[in-house]
file upload-v9.cif (mmCIF, C-alpha atoms)
data_coords
#
loop_
_atom_site.label_atom_id
_atom_site.label_comp_id
_atom_site.auth_asym_id
_atom_site.auth_seq_id
_atom_site.Cartn_x
_atom_site.Cartn_y
_atom_site.Cartn_z
CA MET A 1 -69.60 -32.51 -72.46
CA ALA A 2 -69.63 -30.66 -75.75
CA GLU A 3 -66.37 -30.55 -77.70
CA VAL A 4 -67.01 -26.88 -78.38
CA TRP A 5 -69.57 -25.14 -76.21
CA ALA A 6 -72.12 -23.20 -78.29
CA PHE A 7 -75.26 -21.42 -77.11
CA GLU A 8 -77.38 -24.58 -77.58
CA ASP A 9 -75.22 -26.61 -75.19
CA PHE A 10 -76.09 -24.64 -72.06
CA GLU A 11 -79.01 -25.95 -70.06
CA GLU A 12 -80.84 -23.72 -67.60
CA GLY A 13 -80.20 -24.99 -64.08
CA GLY A 14 -77.34 -27.17 -65.23
CA THR A 15 -73.93 -27.08 -63.54
CA ILE A 16 -70.48 -27.42 -65.11
CA ASP A 17 -67.37 -28.33 -63.11
CA LEU A 18 -64.26 -26.46 -64.17
CA GLY A 19 -61.58 -28.34 -62.28
CA SER A 20 -59.33 -26.99 -59.55
CA ALA A 21 -56.08 -25.17 -58.85
CA THR A 22 -53.83 -24.73 -55.82
CA VAL A 23 -52.94 -21.16 -54.94
CA THR A 24 -49.38 -21.08 -53.66
CA ALA A 25 -47.71 -18.54 -51.36
CA GLU A 26 -45.36 -17.61 -54.22
CA GLU A 27 -48.26 -16.89 -56.57
CA ILE A 28 -50.08 -14.83 -53.93
CA VAL A 29 -47.01 -12.67 -53.26
CA GLU A 30 -46.20 -12.29 -56.96
CA PHE A 31 -49.71 -11.13 -57.87
CA ALA A 32 -49.91 -8.80 -54.89
CA GLY A 33 -46.49 -7.31 -55.56
CA GLU A 34 -47.65 -6.30 -59.00
CA PHE A 35 -51.27 -5.35 -58.44
CA ASP A 36 -52.37 -5.24 -54.78
CA PRO A 37 -49.43 -4.63 -52.43
CA GLN A 38 -51.36 -4.64 -49.15
CA PRO A 39 -49.40 -6.27 -46.28
CA MET A 40 -51.73 -9.27 -45.79
CA HIS A 41 -51.19 -10.27 -49.42
CA LEU A 42 -47.40 -9.93 -49.21
CA ASP A 43 -46.37 -11.32 -45.87
CA GLU A 44 -47.39 -14.31 -43.75
CA GLN A 45 -46.78 -12.50 -40.47
CA ALA A 46 -48.81 -9.45 -41.50
CA GLY A 47 -51.58 -11.77 -42.66
CA ARG A 48 -51.72 -13.56 -39.32
CA GLN A 49 -52.00 -10.28 -37.46
CA GLY A 50 -54.87 -9.11 -39.67
CA ILE A 51 -58.48 -10.16 -40.00
CA LEU A 52 -57.81 -12.68 -42.79
CA GLY A 53 -55.76 -15.03 -40.59
CA GLY A 54 -52.76 -15.67 -42.82
CA LEU A 55 -51.07 -14.89 -46.12
CA SER A 56 -54.16 -14.36 -48.25
CA ALA A 57 -54.73 -13.86 -51.95
CA SER A 58 -55.89 -10.50 -53.25
CA GLY A 59 -59.57 -10.65 -54.15
CA TRP A 60 -58.55 -9.79 -57.70
CA HIS A 61 -56.15 -12.71 -57.69
CA SER A 62 -59.09 -14.98 -56.85
CA CYS A 63 -60.92 -13.52 -59.85
CA ALA A 64 -57.90 -14.26 -62.04
CA VAL A 65 -57.58 -17.83 -60.75
CA PHE A 66 -61.27 -18.35 -61.47
CA MET A 67 -60.82 -16.96 -64.99
CA ARG A 68 -58.01 -19.40 -65.71
CA LEU A 69 -60.14 -22.35 -64.59
CA PHE A 70 -63.04 -21.01 -66.66
CA CYS A 71 -60.79 -20.65 -69.73
CA ASP A 72 -59.34 -24.14 -69.42
CA GLY A 73 -62.61 -25.81 -68.47
CA LEU A 74 -64.94 -24.17 -70.96
CA LEU A 75 -64.24 -20.81 -72.58
CA LEU A 76 -61.26 -21.68 -74.81
CA ALA A 77 -63.35 -24.42 -76.45
CA SER A 78 -66.49 -22.35 -76.96
CA THR A 79 -68.13 -19.89 -79.31
CA SER A 80 -67.77 -17.08 -76.73
CA GLN A 81 -68.07 -13.52 -77.95
CA GLY A 82 -67.11 -12.04 -74.61
CA SER A 83 -68.88 -10.37 -71.73
CA PRO A 84 -69.69 -6.74 -70.93
CA GLY A 85 -68.76 -7.15 -67.27
CA VAL A 86 -69.87 -8.86 -64.10
CA ASP A 87 -73.03 -8.26 -62.06
CA PHE A 88 -71.24 -8.81 -58.75
CA VAL A 89 -68.24 -10.46 -57.13
CA LYS A 90 -68.34 -11.71 -53.54
CA TRP A 91 -65.15 -12.48 -51.64
CA LYS A 92 -66.82 -14.67 -49.06
CA LYS A 93 -63.89 -16.19 -47.18
CA PRO A 94 -60.12 -15.65 -47.24
CA VAL A 95 -58.14 -17.62 -49.83
CA LEU A 96 -55.00 -18.61 -47.95
CA ALA A 97 -51.64 -19.88 -49.24
CA GLY A 98 -51.92 -23.56 -50.14
CA ASP A 99 -55.70 -23.55 -50.57
CA ARG A 100 -57.01 -25.72 -53.37
CA LEU A 101 -59.90 -24.05 -55.20
CA SER A 102 -62.49 -25.90 -57.28
CA ALA A 103 -64.70 -23.91 -59.62
CA ARG A 104 -68.24 -24.64 -60.72
CA ILE A 105 -70.70 -22.68 -62.80
CA THR A 106 -74.48 -22.87 -62.77
CA VAL A 107 -76.44 -21.76 -65.81
CA MET A 108 -79.08 -19.37 -64.50
CA ASN A 109 -80.85 -18.55 -67.76
CA LYS A 110 -80.24 -18.18 -71.47
CA ARG A 111 -81.93 -16.39 -74.34
CA LEU A 112 -81.27 -15.51 -77.95
CA SER A 113 -80.45 -11.90 -78.72
CA ARG A 114 -83.45 -10.14 -80.23
CA SER A 115 -81.39 -7.90 -82.47
CA ARG A 116 -78.88 -10.57 -83.52
CA PRO A 117 -80.34 -14.10 -83.54
CA SER A 118 -76.96 -15.70 -84.26
CA LEU A 119 -75.99 -14.72 -80.72
CA GLY A 120 -77.22 -16.00 -77.37
CA LEU A 121 -76.85 -14.58 -73.88
CA VAL A 122 -76.06 -17.03 -71.09
CA SER A 123 -76.25 -15.82 -67.49
CA MET A 124 -74.08 -17.78 -65.08
CA ARG A 125 -73.36 -17.99 -61.39
CA SER A 126 -69.75 -18.97 -60.82
CA GLU A 127 -68.43 -20.22 -57.53
CA MET A 128 -65.16 -21.50 -56.05
CA PHE A 129 -64.85 -23.84 -53.08
CA ASN A 130 -61.77 -24.52 -50.98
CA GLN A 131 -60.46 -27.95 -49.96
CA ARG A 132 -62.89 -27.99 -47.02
CA GLY A 133 -65.84 -27.48 -49.35
CA GLU A 134 -66.41 -23.91 -48.16
CA SER A 135 -67.67 -21.45 -50.75
CA VAL A 136 -65.03 -18.72 -50.88
CA PHE A 137 -65.92 -16.82 -54.03
CA GLU A 138 -68.97 -16.08 -56.11
CA LEU A 139 -69.74 -13.99 -59.15
CA GLU A 140 -72.52 -13.64 -61.65
CA ASN A 141 -72.33 -12.40 -65.20
CA THR A 142 -73.68 -12.85 -68.69
CA ILE A 143 -71.60 -14.16 -71.57
CA MET A 144 -72.42 -14.03 -75.27
CA PHE A 145 -72.09 -17.27 -77.28
CA LEU A 146 -72.73 -17.80 -80.98
CA THR A 147 -75.25 -20.47 -81.89
CA ARG A 148 -73.79 -23.64 -83.34
CA GLN A 149 -75.22 -22.80 -86.74
CA ALA A 150 -73.77 -19.29 -86.75
CA ALA A 151 -70.40 -20.59 -85.60
CA ALA A 152 -70.37 -23.24 -88.34
CA ALA A 153 -71.20 -20.58 -90.93
CA GLY A 154 -68.11 -18.72 -89.76
CA MET B 1 -55.37 15.37 -49.33
CA ALA B 2 -55.26 13.44 -46.07
CA GLU B 3 -51.93 11.83 -45.11
CA VAL B 4 -53.83 8.75 -44.05
CA TRP B 5 -57.38 8.37 -45.29
CA ALA B 6 -59.79 7.55 -42.45
CA PHE B 7 -63.58 7.33 -42.58
CA GLU B 8 -63.96 11.03 -41.74
CA ASP B 9 -61.92 12.13 -44.77
CA PHE B 10 -64.36 10.91 -47.39
CA GLU B 11 -66.91 13.44 -48.56
CA GLU B 12 -70.11 12.36 -50.26
CA GLY B 13 -70.03 13.46 -53.90
CA GLY B 14 -66.32 14.16 -53.75
CA THR B 15 -63.89 12.77 -56.31
CA ILE B 16 -60.33 11.54 -55.80
CA ASP B 17 -57.83 11.19 -58.65
CA LEU B 18 -55.64 8.11 -58.41
CA GLY B 19 -53.05 8.82 -61.10
CA SER B 20 -52.44 6.83 -64.25
CA ALA B 21 -50.60 3.85 -65.73
CA THR B 22 -49.70 2.72 -69.22
CA VAL B 23 -50.66 -0.84 -70.09
CA THR B 24 -47.97 -2.33 -72.33
CA ALA B 25 -48.25 -5.17 -74.83
CA GLU B 26 -45.82 -7.19 -72.71
CA GLU B 27 -47.94 -6.77 -69.58
CA ILE B 28 -51.12 -7.70 -71.47
CA VAL B 29 -49.56 -10.90 -72.84
CA GLU B 30 -47.99 -11.82 -69.50
CA PHE B 31 -51.24 -11.46 -67.56
CA ALA B 32 -53.23 -13.30 -70.22
CA GLY B 33 -50.72 -16.13 -70.46
CA GLU B 34 -51.17 -16.77 -66.76
CA PHE B 35 -54.86 -16.07 -66.23
CA ASP B 36 -56.88 -15.49 -69.41
CA PRO B 37 -55.25 -17.13 -72.45
CA GLN B 38 -57.83 -16.09 -75.03
CA PRO B 39 -56.28 -15.27 -78.44
CA MET B 40 -57.17 -11.54 -78.45
CA HIS B 41 -55.26 -11.08 -75.18
CA LEU B 42 -52.18 -12.97 -76.42
CA ASP B 43 -51.66 -11.94 -80.01
CA GLU B 44 -51.89 -8.65 -81.93
CA GLN B 45 -53.05 -10.35 -85.14
CA ALA B 46 -55.77 -12.33 -83.38
CA GLY B 47 -56.87 -9.14 -81.63
CA ARG B 48 -57.21 -7.24 -84.90
CA GLN B 49 -59.34 -9.99 -86.41
CA GLY B 50 -61.68 -9.99 -83.40
CA ILE B 51 -64.25 -7.56 -82.13
CA LEU B 52 -61.84 -5.73 -79.82
CA GLY B 53 -59.71 -4.32 -82.64
CA GLY B 54 -56.22 -5.13 -81.39
CA LEU B 55 -54.16 -6.74 -78.66
CA SER B 56 -56.46 -6.06 -75.72
CA ALA B 57 -56.11 -6.52 -71.98
CA SER B 58 -58.15 -9.16 -70.19
CA GLY B 59 -61.02 -7.55 -68.32
CA TRP B 60 -59.48 -8.97 -65.15
CA HIS B 61 -56.19 -7.32 -66.03
CA SER B 62 -58.04 -3.98 -66.14
CA CYS B 63 -59.36 -4.73 -62.66
CA ALA B 64 -55.84 -5.47 -61.47
CA VAL B 65 -54.42 -2.28 -63.01
CA PHE B 66 -57.20 -0.31 -61.30
CA MET B 67 -56.40 -1.98 -57.99
CA ARG B 68 -52.76 -0.98 -58.24
CA LEU B 69 -53.68 2.65 -58.91
CA PHE B 70 -56.14 2.51 -56.01
CA CYS B 71 -53.50 1.05 -53.69
CA ASP B 72 -50.87 3.63 -54.62
CA GLY B 73 -53.27 6.55 -54.72
CA LEU B 74 -55.25 5.90 -51.56
CA LEU B 75 -55.59 2.46 -50.00
CA LEU B 76 -52.04 1.87 -48.76
CA ALA B 77 -52.24 5.11 -46.77
CA SER B 78 -55.65 4.51 -45.27
CA THR B 79 -57.45 2.82 -42.40
CA SER B 80 -59.02 0.29 -44.80
CA GLN B 81 -60.43 -2.87 -43.31
CA GLY B 82 -61.18 -4.42 -46.68
CA SER B 83 -64.21 -5.02 -48.83
CA PRO B 84 -66.65 -7.92 -49.15
CA GLY B 85 -66.72 -7.72 -52.94
CA VAL B 86 -67.86 -5.48 -55.77
CA ASP B 87 -71.39 -4.57 -56.80
CA PHE B 88 -70.56 -4.61 -60.50
CA VAL B 89 -67.74 -4.27 -63.00
CA LYS B 90 -68.31 -2.88 -66.49
CA TRP B 91 -65.77 -3.39 -69.24
CA LYS B 92 -67.03 -0.54 -71.38
CA LYS B 93 -64.39 -0.29 -74.11
CA PRO B 94 -61.34 -2.35 -75.09
CA VAL B 95 -58.09 -1.56 -73.29
CA LEU B 96 -55.47 -1.85 -76.04
CA ALA B 97 -51.69 -2.18 -75.84
CA GLY B 98 -50.14 1.21 -75.12
CA ASP B 99 -53.28 2.76 -73.64
CA ARG B 100 -52.71 5.09 -70.72
CA LEU B 101 -55.40 4.68 -68.07
CA SER B 102 -56.28 7.31 -65.45
CA ALA B 103 -58.36 6.27 -62.47
CA ARG B 104 -60.80 8.35 -60.46
CA ILE B 105 -63.16 7.48 -57.67
CA THR B 106 -66.35 9.22 -56.63
CA VAL B 107 -67.65 8.85 -53.09
CA MET B 108 -71.29 7.88 -53.46
CA ASN B 109 -72.23 7.66 -49.80
CA LYS B 110 -70.83 6.84 -46.37
CA ARG B 111 -72.23 5.75 -43.05
CA LEU B 112 -71.01 4.44 -39.72
CA SER B 113 -71.60 0.78 -38.99
CA ARG B 114 -74.52 0.34 -36.60
CA SER B 115 -73.03 -2.69 -34.89
CA ARG B 116 -69.46 -1.39 -34.75
CA PRO B 117 -69.22 2.42 -34.55
CA SER B 118 -65.43 2.40 -34.91
CA LEU B 119 -66.00 1.34 -38.50
CA GLY B 120 -67.48 3.21 -41.44
CA LEU B 121 -68.73 2.01 -44.80
CA VAL B 122 -67.81 4.07 -47.85
CA SER B 123 -69.49 3.28 -51.18
CA MET B 124 -67.48 4.31 -54.21
CA ARG B 125 -67.81 4.42 -57.95
CA SER B 126 -64.43 3.83 -59.58
CA GLU B 127 -63.70 4.62 -63.19
CA MET B 128 -60.77 4.50 -65.60
CA PHE B 129 -60.36 6.68 -68.68
CA ASN B 130 -58.00 6.16 -71.60
CA GLN B 131 -55.73 8.78 -73.18
CA ARG B 132 -58.64 10.02 -75.31
CA GLY B 133 -60.75 10.64 -72.20
CA GLU B 134 -63.07 7.72 -72.96
CA SER B 135 -64.44 5.86 -69.97
CA VAL B 136 -63.27 2.27 -70.43
CA PHE B 137 -63.95 0.71 -67.03
CA GLU B 138 -66.31 1.20 -64.12
CA LEU B 139 -66.98 -0.58 -60.87
CA GLU B 140 -68.82 0.12 -57.68
CA ASN B 141 -68.18 -1.30 -54.24
CA THR B 142 -68.17 -0.56 -50.54
CA ILE B 143 -65.01 -0.42 -48.47
CA MET B 144 -64.74 -0.42 -44.69
CA PHE B 145 -62.54 2.23 -43.06
CA LEU B 146 -61.82 2.76 -39.38
CA THR B 147 -62.61 6.16 -37.96
CA ARG B 148 -59.61 8.33 -37.18
CA GLN B 149 -60.26 7.96 -33.46
CA ALA B 150 -60.47 4.17 -33.64
CA ALA B 151 -57.32 4.00 -35.78
CA ALA B 152 -55.44 6.21 -33.33
CA ALA B 153 -56.56 3.99 -30.45
CA GLY B 154 -55.03 1.03 -32.32
#
call {"tool": "encode", "arguments": {"input": "upload-v9.cif", "output": "structure tokens"}}
result
Amino acid sequence: MAEVWAFEDFEEGGTIDLGSATVTAEEIVEFAGEFDPQPMHLDEQAGRQGILGGLSASGWHSCAVFMRLFCDGLLLASTSQGSPGVDFVKWKKPVLAGDRLSARITVMNKRLSRSRPSLGLVSMRSEMFNQRGESVFELENTIMFLTRQAAAAG
Amino acid sequence: MAEVWAFEDFEEGGTIDLGSATVTAEEIVEFAGEFDPQPMHLDEQAGRQGILGGLSASGWHSCAVFMRLFCDGLLLASTSQGSPGVDFVKWKKPVLAGDRLSARITVMNKRLSRSRPSLGLVSMRSEMFNQRGESVFELENTIMFLTRQAAAAG
């Protein structure tokens, strides 16, 4: 693994494991209380009565958990110049209290910017799996990374 | 405005204002410390030196702020049955500490589910504007709502 991920280090078709995190009931309720106070994200009983089958994380909480794994596993030690957004997010299965989520990215394609050759665009599919190996979350987006040379030049 | 939003209450082409929220420096740093600890989301000085021009909210924080406005302005008083994901998210401009964001949704189209006629699918474009009226954030997705009749039948 590269010490600092620059544009050159991404390989089309390659995968990168980002580690895992457990999503606790306390974290689910705290996030939901601030940002998504729907009953199934706040209360175990309400969750069981609903279609998600238990106290379940807000879909946006799943995005945030993914982002933390992505930061710790790659982005904070990279030449990232940010991203204009995401192409899609799929909440494929409920994320329930106590689930352990593992994140993995797949490099779909990469290319240098035509207008700014110090910069490369890397398109990624990102996915999280629960402790049963089920894919619960997927997103795709494109992130800008400086080339190693441009980063070294500061 | 409907007391409880059911499928029938959404009008294609109609817009719904969801109110506004100020994003404080403290909130930006707190969210970033937990989920997106990149320097420009944690530190004013680092933000000024970067491309975003100041202490700026994580893109995922913007999503979460939108979700709260959506919950308070519509979703919590609705027949929502959830959403499978989002079609895209665009982070169009930086959200800086102290910005006041107003959210508005536009109903793009709606249709009853073929397999389950008690359920309707409503596709929405959601947008947030800052205090200067600049569009800073956009997403599109489809949300499932029960019909009024189905909701009344429990």
call {"tool": "closest_residue", "arguments": {"input": "upload-v9.cif", "among": "B:Glu138, B:Thr147, B:Ile105, B:Arg116", "to": "B:Thr15", "atoms": "all atoms listed in the file"}}
result
B:Ile105
call {"tool": "closest_residue", "arguments": {"input": "upload-v9.cif", "among": "A:Met144, A:Val89, A:Val29, A:Met128", "to": "chain B", "atoms": "all atoms listed in the file"}}
result
A:Val89
call {"tool": "resolve_selection", "arguments": {"input": "upload-v9.cif", "expression": "the PyMOL selection byres ((chain B) within 10 of (chain A))", "output": "PyMOL selection string"}}
result
chain B and resi 31-39+50-52+58-61+63-72+75-76+81-93+137-141
call {"tool": "write_last_selection", "arguments": {"input": "upload-v9.cif", "atoms": "C-alpha atoms", "output": "PDB file, in the coordinates of the input"}}
result
ATOM      1  CA  PHE B  31     -51.240 -11.460 -67.560  1.00  0.00           C
ATOM      2  CA  ALA B  32     -53.230 -13.300 -70.220  1.00  0.00           C
ATOM      3  CA  GLY B  33     -50.720 -16.130 -70.460  1.00  0.00           C
ATOM      4  CA  GLU B  34     -51.170 -16.770 -66.760  1.00  0.00           C
ATOM      5  CA  PHE B  35     -54.860 -16.070 -66.230  1.00  0.00           C
ATOM      6  CA  ASP B  36     -56.880 -15.490 -69.410  1.00  0.00           C
ATOM      7  CA  PRO B  37     -55.250 -17.130 -72.450  1.00  0.00           C
ATOM      8  CA  GLN B  38     -57.830 -16.090 -75.030  1.00  0.00           C
ATOM      9  CA  PRO B  39     -56.280 -15.270 -78.440  1.00  0.00           C
ATOM     10  CA  GLY B  50     -61.680  -9.990 -83.400  1.00  0.00           C
ATOM     11  CA  ILE B  51     -64.250  -7.560 -82.130  1.00  0.00           C
ATOM     12  CA  LEU B  52     -61.840  -5.730 -79.820  1.00  0.00           C
ATOM     13  CA  SER B  58     -58.150  -9.160 -70.190  1.00  0.00           C
ATOM     14  CA  GLY B  59     -61.020  -7.550 -68.320  1.00  0.00           C
ATOM     15  CA  TRP B  60     -59.480  -8.970 -65.150  1.00  0.00           C
ATOM     16  CA  HIS B  61     -56.190  -7.320 -66.030  1.00  0.00           C
ATOM     17  CA  CYS B  63     -59.360  -4.730 -62.660  1.00  0.00           C
ATOM     18  CA  ALA B  64     -55.840  -5.470 -61.470  1.00  0.00           C
ATOM     19  CA  VAL B  65     -54.420  -2.280 -63.010  1.00  0.00           C
ATOM     20  CA  PHE B  66     -57.200  -0.310 -61.300  1.00  0.00           C
ATOM     21  CA  MET B  67     -56.400  -1.980 -57.990  1.00  0.00           C
ATOM     22  CA  ARG B  68     -52.760  -0.980 -58.240  1.00  0.00           C
ATOM     23  CA  LEU B  69     -53.680   2.650 -58.910  1.00  0.00           C
ATOM     24  CA  PHE B  70     -56.140   2.510 -56.010  1.00  0.00           C
ATOM     25  CA  CYS B  71     -53.500   1.050 -53.690  1.00  0.00           C
ATOM     26  CA  ASP B  72     -50.870   3.630 -54.620  1.00  0.00           C
ATOM     27  CA  LEU B  75     -55.590   2.460 -50.000  1.00  0.00           C
ATOM     28  CA  LEU B  76     -52.040   1.870 -48.760  1.00  0.00           C
ATOM     29  CA  GLN B  81     -60.430  -2.870 -43.310  1.00  0.00           C
ATOM     30  CA  GLY B  82     -61.180  -4.420 -46.680  1.00  0.00           C
ATOM     31  CA  SER B  83     -64.210  -5.020 -48.830  1.00  0.00           C
ATOM     32  CA  PRO B  84     -66.650  -7.920 -49.150  1.00  0.00           C
ATOM     33  CA  GLY B  85     -66.720  -7.720 -52.940  1.00  0.00           C
ATOM     34  CA  VAL B  86     -67.860  -5.480 -55.770  1.00  0.00           C
ATOM     35  CA  ASP B  87     -71.390  -4.570 -56.800  1.00  0.00           C
ATOM     36  CA  PHE B  88     -70.560  -4.610 -60.500  1.00  0.00           C
ATOM     37  CA  VAL B  89     -67.740  -4.270 -63.000  1.00  0.00           C
ATOM     38  CA  LYS B  90     -68.310  -2.880 -66.490  1.00  0.00           C
ATOM     39  CA  TRP B  91     -65.770  -3.390 -69.240  1.00  0.00           C
ATOM     40  CA  LYS B  92     -67.030  -0.540 -71.380  1.00  0.00           C
ATOM     41  CA  LYS B  93     -64.390  -0.290 -74.110  1.00  0.00           C
ATOM     42  CA  PHE B 137     -63.950   0.710 -67.030  1.00  0.00           C
ATOM     43  CA  GLU B 138     -66.310   1.200 -64.120  1.00  0.00           C
ATOM     44  CA  LEU B 139     -66.980  -0.580 -60.870  1.00  0.00           C
ATOM     45  CA  GLU B 140     -68.820   0.120 -57.680  1.00  0.00           C
ATOM     46  CA  ASN B 141     -68.180  -1.300 -54.240  1.00  0.00           C
TER      47      ASN B 141
END
call {"tool": "atom_distance", "arguments": {"input": "upload-v9.cif", "atom1": "atom CA of A:Gly19", "atom2": "atom CA of A:Gly133"}}
result
13.6 Å
call {"tool": "resolve_selection", "arguments": {"input": "upload-v9.cif", "expression": "the PyMOL selection byres ((chain A and resi 24) around 12)", "output": "ChimeraX atom specification"}}
result
/A:21-23,25-31,41,55-57,61-62,65,95-101
call {"tool": "decode", "arguments": {"input": "upload-v9.cif", "residues": "stretch 19-82 of chain B", "atoms": "C-alpha atoms", "output": "mmCIF file, in the first residue's frame"}}
result
data_model
loop_
_atom_site.group_PDB
_atom_site.id
_atom_site.type_symbol
_atom_site.label_atom_id
_atom_site.label_comp_id
_atom_site.auth_asym_id
_atom_site.auth_seq_id
_atom_site.Cartn_x
_atom_site.Cartn_y
_atom_site.Cartn_z
ATOM 1 C CA GLY B 19 -37.362 26.032 6.122
ATOM 2 C CA SER B 20 -33.768 26.857 6.956
ATOM 3 C CA ALA B 21 -30.916 26.174 9.377
ATOM 4 C CA THR B 22 -27.659 27.890 10.234
ATOM 5 C CA VAL B 23 -24.574 25.692 10.159
ATOM 6 C CA THR B 24 -22.226 26.785 12.940
ATOM 7 C CA ALA B 25 -18.466 26.338 13.202
ATOM 8 C CA GLU B 26 -19.000 24.124 16.249
ATOM 9 C CA GLU B 27 -21.380 21.837 14.365
ATOM 10 C CA ILE B 28 -19.005 21.613 11.390
ATOM 11 C CA VAL B 29 -16.067 20.635 13.602
ATOM 12 C CA GLU B 30 -18.128 18.178 15.642
ATOM 13 C CA PHE B 31 -19.457 16.345 12.593
ATOM 14 C CA ALA B 32 -16.050 16.287 10.928
ATOM 15 C CA GLY B 33 -14.295 15.062 14.058
ATOM 16 C CA GLU B 34 -16.590 12.064 14.108
ATOM 17 C CA PHE B 35 -17.044 11.282 10.422
ATOM 18 C CA ASP B 36 -14.818 13.284 8.063
ATOM 19 C CA PRO B 37 -11.653 14.522 9.788
ATOM 20 C CA GLN B 38 -10.114 16.312 6.818
ATOM 21 C CA PRO B 39 -8.276 19.523 7.799
ATOM 22 C CA MET B 40 -10.606 21.958 5.968
ATOM 23 C CA HIS B 41 -13.560 20.615 7.968
ATOM 24 C CA LEU B 42 -11.736 20.858 11.314
ATOM 25 C CA ASP B 43 -9.780 24.088 11.241
ATOM 26 C CA GLU B 44 -10.469 27.624 9.993
ATOM 27 C CA GLN B 45 -6.827 28.240 9.050
ATOM 28 C CA ALA B 46 -6.560 24.993 7.101
ATOM 29 C CA GLY B 47 -9.827 25.825 5.356
ATOM 30 C CA ARG B 48 -8.584 29.246 4.256
ATOM 31 C CA GLN B 49 -5.429 27.751 2.797
ATOM 32 C CA GLY B 50 -7.422 25.179 0.807
ATOM 33 C CA ILE B 51 -9.678 25.425 -2.196
ATOM 34 C CA LEU B 52 -12.871 25.809 -0.150
ATOM 35 C CA GLY B 53 -11.914 29.203 1.288
ATOM 36 C CA GLY B 54 -12.704 28.687 4.962
ATOM 37 C CA LEU B 55 -13.916 26.259 7.598
ATOM 38 C CA SER B 56 -16.308 24.234 5.466
ATOM 39 C CA ALA B 57 -18.847 21.538 6.234
ATOM 40 C CA SER B 58 -18.234 17.967 5.121
ATOM 41 C CA GLY B 59 -20.376 17.163 2.106
ATOM 42 C CA TRP B 60 -21.988 14.452 4.222
ATOM 43 C CA HIS B 61 -22.774 17.030 6.883
ATOM 44 C CA SER B 62 -24.664 19.008 4.231
ATOM 45 C CA CYS B 63 -26.635 15.854 3.454
ATOM 46 C CA ALA B 64 -27.430 15.430 7.138
ATOM 47 C CA VAL B 65 -28.519 19.071 7.528
ATOM 48 C CA PHE B 66 -30.777 18.645 4.497
ATOM 49 C CA MET B 67 -32.250 15.484 5.988
ATOM 50 C CA ARG B 68 -33.120 17.272 9.207
ATOM 51 C CA LEU B 69 -34.897 20.056 7.316
ATOM 52 C CA PHE B 70 -36.703 17.432 5.230
ATOM 53 C CA CYS B 71 -37.775 15.537 8.356
ATOM 54 C CA ASP B 72 -39.053 18.640 10.136
ATOM 55 C CA GLY B 73 -40.630 20.180 7.055
ATOM 56 C CA LEU B 74 -42.347 17.132 5.593
ATOM 57 C CA LEU B 75 -41.227 13.587 6.298
ATOM 58 C CA LEU B 76 -42.160 13.238 9.969
ATOM 59 C CA ALA B 77 -45.747 14.185 9.108
ATOM 60 C CA SER B 78 -46.106 11.915 6.113
ATOM 61 C CA THR B 79 -46.947 8.367 5.067
ATOM 62 C CA SER B 80 -43.320 7.758 4.008
ATOM 63 C CA GLN B 81 -42.210 4.179 3.603
ATOM 64 C CA GLY B 82 -38.595 5.105 2.999
#
